[in-house]
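Engineer: Sending over a structure as structure tokens; questions will come in a sec.
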Amino acid sequence: MVKFRLNKRFAAFTIVLLILSLSAVAAKYQMIEKVASVYSGVRIPTGKNINEYDINAQLDPVEKILTATQKVKYVNTSDRSFNALYFHLYPNTFKSETTVPFEKGEMEFAYPGGFEEGNISISSVKKNNEVLTHLIMGKGDTILKVNLGKPLEVGESIVLEMAYTVKIPPSYGRFGYGQNTISIANWYPIAAVFDHRGWNLEPYYAIGDPFYSEVGNYRVAMALPTEYTLATTGNITKKENNDGKVVWTIDAKSVRDFAMITSDRFKVLEDEVDGVKIFSYYFEDQYGEIALDTAKDSIKIFNECFGKYPYEQFSVAAADFFIGGMEYPNLVFIDEGLYQEEQKDILEYVVAHEAAHQWWYGIVGNDEVNEPWLDEALTEYSTLLYYEKKYGKEVKEQIYKNMIVRYYDAYRNSDPNVNEAVYRSINKFKDSIEYQVMVYYKGAMFVEDLRNNLGDEQFFKVLKVYFDKYKFKNANTEGFINLCEQVTDKEWRQNFKEWLKYNKE
């Protein structure tokens with residue numbers, strides 16, 4: 001996610017610097033520099049060790065109610081047996097003003113018409129039509145615990161059947177609706193990750209992107225009124241008229257999450273680059289073209305810099321979304337307020353940033369709660385690479401100095417007691433400003449320093465090997481350090497410690 005409404009003072013400062021930087025971009029489009037990829041292609045993994053979600057849902061866009069049934073095939077890939085499984089119920093964080101994932105200063109933007117509740121109500125959980133006991137727990141009732149009856153042993157799988165209802169709130173965030181769009185993200189029961197810490201059951205924090213998940217295979221059927229258009233994770237494989245509605249069938253293999261956005265006003269543009277279909281869902285004609293062109297160039301540049309985008313499509317959707325942009329697999333939400341003349345430079349920046357997240361978070365995953373720097377710092381620096389490869393190094397340097405470094409210096413100088421740690425959990429930051437300055441900006445400065453120390457040849461080799469090793473998996477900081485040292489045959493731990501305040505857990 002890239003956030004442009006931190007607070008009035010710093011948001012205005014950021015936007016002014018960004019516009020000043022981008023105004024230096026030459027009018028003539030320069031040739032994209034080629035960076036030879038070590039890997040010619042990326043195969044989407046198939047096999048028995050991936051969780052599978054089969055969801056049938058229908059949306060009432062008037063009442064903003066979604067009803068669904070869901071089958072989940074969960075595979076125990078851990079080293080121990082489980083008596084219970086845990087799922088995140090993210091919509092329940094919208095039940096109360098005290099738990100919604102927004103800071104106080106954001107509420108007027110998140111709920112321009114006033115607060116109303118959103119939630120998810122689980123009506124049943126079964127196994128082979130046998131009712132299983134379950135418990136709603138955690139902060140904001142955001143965790144579903146399902147008691148299995150008998151242990152799920154190592155290597156075994158289980159199929160759970162769930163029925164639930166989702167109430168979508170009037171929120172201009174990841175999950176909610178506004179005047180133009182209905183954003184359906186983080187909306188279904190998704191399996192919690194079990195790792196060396198045990199079950200990761202963190203709540204839906206207001207700061208950052210508090211998500212951590214494994215890739216899964218999805219088949220989703222969504223019924224909508226005929227006048228609605230759907231943008232989604234995965235590939236739309238079928239559209240059928242059924243009882244006065246259109247049922248959209250979507251197939252998504254090895255994706256980290258599944259999101260959708262719908263509107264009865266969407267216009268759609270389509271193009272292709274490197275065998276990937278690019279879609280732009282928009283409301284204003286010329287700015288839909290800007291989003292489309294930026295997405296195309298981003299996919300091409302990042303394919304060359306990091307490794308091939310493995311999916312068949314990538315969609316950019318204008319949304320009633322006040323926080324700039326938000327990434328999901330194959331789909332990003334972009335604040336529709338950026339689709340105007342005075343914001344078009346920022347629109348390009350945000351689309352490029354969210355496209356970079358397809359590599360860092362989407363394909364190469366990480367724990368965004370406890371190690372958020374790992375995807376955000378790489379993504380912010382990848383956005384700079386977009387400008388470097390598209391417009392030249394001088395433009396990249398102007399943006400880096402005028403936006404990243406100056407913003408970081410201004411924040412650090414404003415507070416003599418600023419906490420300089422980049423490596424920390426999102427719940428350890430005092431607010432979104434500190435989070436963005438340290439994780440995005442200082443994090444990007446660290447990546448720039450790493451590049452300068454490595455040299456371009458080894459720097460891009462590290463990124464390509466990192467992508468290749470951790471694609472469709474979850475990476476961590478320790479693994480990234482080890483990889484840097486293996487690729488370069490040099491010691492880099494001290495650099496990570498000094499820049500990030502990283503200490504091995």
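Simple scheme: letters A, B, ... for chains in structure tokens order, numbers from 1 for residues in each chain, numbers from 1 for ligands in the order shown.
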Could you name the residues that touch Ala68 of chain A at 8 Å or less, counting only C-alpha atoms, but leaving out those on the same chain fewer than 5 positions away, as a list of chain:residue names?
Structural biologist: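 My reading of the contact set: A:Ile55, A:Asn56, A:Ala57, A:Gln58, A:Ala163, A:Tyr164, A:Thr165.
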Engineer: I want to know what sits within 9 Å of Gly114 of chain A, based on only C-alpha atoms, with residues of the same chain fewer than 4 positions away left out; could you give that as a list in words?
Structural biologist: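 After dropping sequence-adjacent residues, the list is Met107, Glu108, Ala110, Pro170 and Ser171 of chain A.
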Engineer: Using the chain letters and numbers from this document, which residues of segment 80-215 of chain A does DSSP assign to strand (DSSP E or B), as a ChimeraX atom specification?
Structural biologist: /A:82-88,119-127,130-131,134-137,143-152,157-167,176-177,182-184,190-191,194-195,198-199
Engineer: Run DSSP on the backbone and tell me which residues of segment 42-117 of chain A come out as helix (DSSP H, G or I); list them as a PyMOL selection string.
Structural biologist: chain A and resi 90-94+104-110
Engineer: For Lys127 of chain A, list every protein, DNA or RNA residue within 6 Å, evaluated using only C-alpha atoms, and leave out those in the same chain fewer than 2 positions away; present the list as number ranges by chain.
Structural biologist: A: 129-130, 160
Engineer: Can you measure atom CA of Gln458 of chain A to atom CA of Asp274 of chain A for me? One decimal in Å is fine.
Structural biologist: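 Pair atom CA of Gln458 of chain A / atom CA of Asp274 of chain A returns 24.9 Å.
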Engineer: Kindly indicate which residue among A:Ile261, A:Val2, A:Cys305, A:Ala291 lies nearest to Gly178 of chain A, using only C-alpha atoms for the distances.
Structural biologist: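 Checking each of A:Ile261, A:Val2, A:Cys305, A:Ala291 against Gly178 of chain A, counting only C-alpha atoms, the winner is A:Ile261.
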Engineer: Would you pick out the contacts of segment 243-257 of chain A at 7 Å or less, using only C-alpha atoms, so that residues sharing its chain but fewer than 4 positions from it are not included, and give the list as a PyMOL selection string?
Structural biologist: chain A and resi 44-45+213-226+233-239+328-329+362+472
Engineer: Would you please work out which residue, of A:Glu388, A:Asn370, A:Thr379, A:Ala318, is nearest to Leu338 of chain A when using only C-alpha atoms?
Structural biologist: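 Among the listed residues, A:Ala318 lies closest to Leu338 of chain A.
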Engineer: Excluding Lys64 of chain A and residues on its chain fewer than 3 positions from it, collect all residues at most 7 Å away from it, counting only C-alpha atoms, and give them as a PyMOL selection string.
Structural biologist: chain A and resi 59-61+167-168
Engineer: What would the file look like if the residues just selected were written as an mmCIF file, in the first residue's frame with N, CA and C atoms?
Structural biologist:
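Generated file (result36.cif):
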```cif
data_model
loop_
_atom_site.group_PDB
_atom_site.id
_atom_site.type_symbol
_atom_site.label_atom_id
_atom_site.label_comp_id
_atom_site.auth_asym_id
_atom_site.auth_seq_id
_atom_site.Cartn_x
_atom_site.Cartn_y
_atom_site.Cartn_z
ATOM 1 N N LEU A 59 -23.968 -11.051 -4.230
ATOM 2 C CA LEU A 59 -23.947 -9.734 -3.617
ATOM 3 C C LEU A 59 -25.253 -9.006 -3.885
ATOM 4 N N ASP A 60 -25.823 -8.470 -2.829
ATOM 5 C CA ASP A 60 -26.945 -7.542 -2.949
ATOM 6 C C ASP A 60 -26.358 -6.140 -2.870
ATOM 7 N N PRO A 61 -26.208 -5.446 -4.026
ATOM 8 C CA PRO A 61 -25.538 -4.149 -4.006
ATOM 9 C C PRO A 61 -26.378 -3.030 -3.411
ATOM 10 N N LYS A 167 -21.585 -8.214 5.855
ATOM 11 C CA LYS A 167 -22.186 -6.884 5.714
ATOM 12 C C LYS A 167 -21.061 -5.898 5.389
ATOM 13 N N ILE A 168 -21.170 -5.232 4.240
ATOM 14 C CA ILE A 168 -20.125 -4.320 3.781
ATOM 15 C C ILE A 168 -20.426 -2.911 4.279
#
```
Engineer: Within 8 Å of segment 71-82 of chain A, counting only C-alpha atoms, which residues qualify if same-chain residues fewer than 2 places away don't, as a list in words?
Structural biologist: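 Non-adjacent residues within range: Lys48, Asn49, Ile50, Asn51, Glu52, Tyr53, Asp54, Ile55, Thr69, Ala84, Leu85, Pro151, Leu152, Glu153, Val154, Gly155, Glu156, Ser157, Ile158, Val159, Leu160, Glu161, Met162, Phe194 and Asp195 of chain A.
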Engineer: Kindly indicate which residue among A:Ala475, A:Ala421, A:Val268, A:Ala185 lies nearest to Trp499 of chain A, using only C-alpha atoms for the distances.
Structural biologist: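 Nearest to Trp499 of chain A: A:Ala421.
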Engineer: Hey, which of A:Glu371, A:Tyr86, A:Asp468, A:Asn453 ends up closest to Lys490 of chain A? Count only C-alpha atoms.
Structural biologist: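 Ranking A:Glu371, A:Tyr86, A:Asp468, A:Asn453 by distance to Lys490 of chain A, first place goes to A:Asn453.
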Engineer: Report, in Å with one decimal, the straight-line distance from atom CA of Ile301 of chain A to atom CA of Thr488 of chain A.
Structural biologist: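 So the two atoms, atom CA of Ile301 of chain A and atom CA of Thr488 of chain A, lie 23.9 Å apart.
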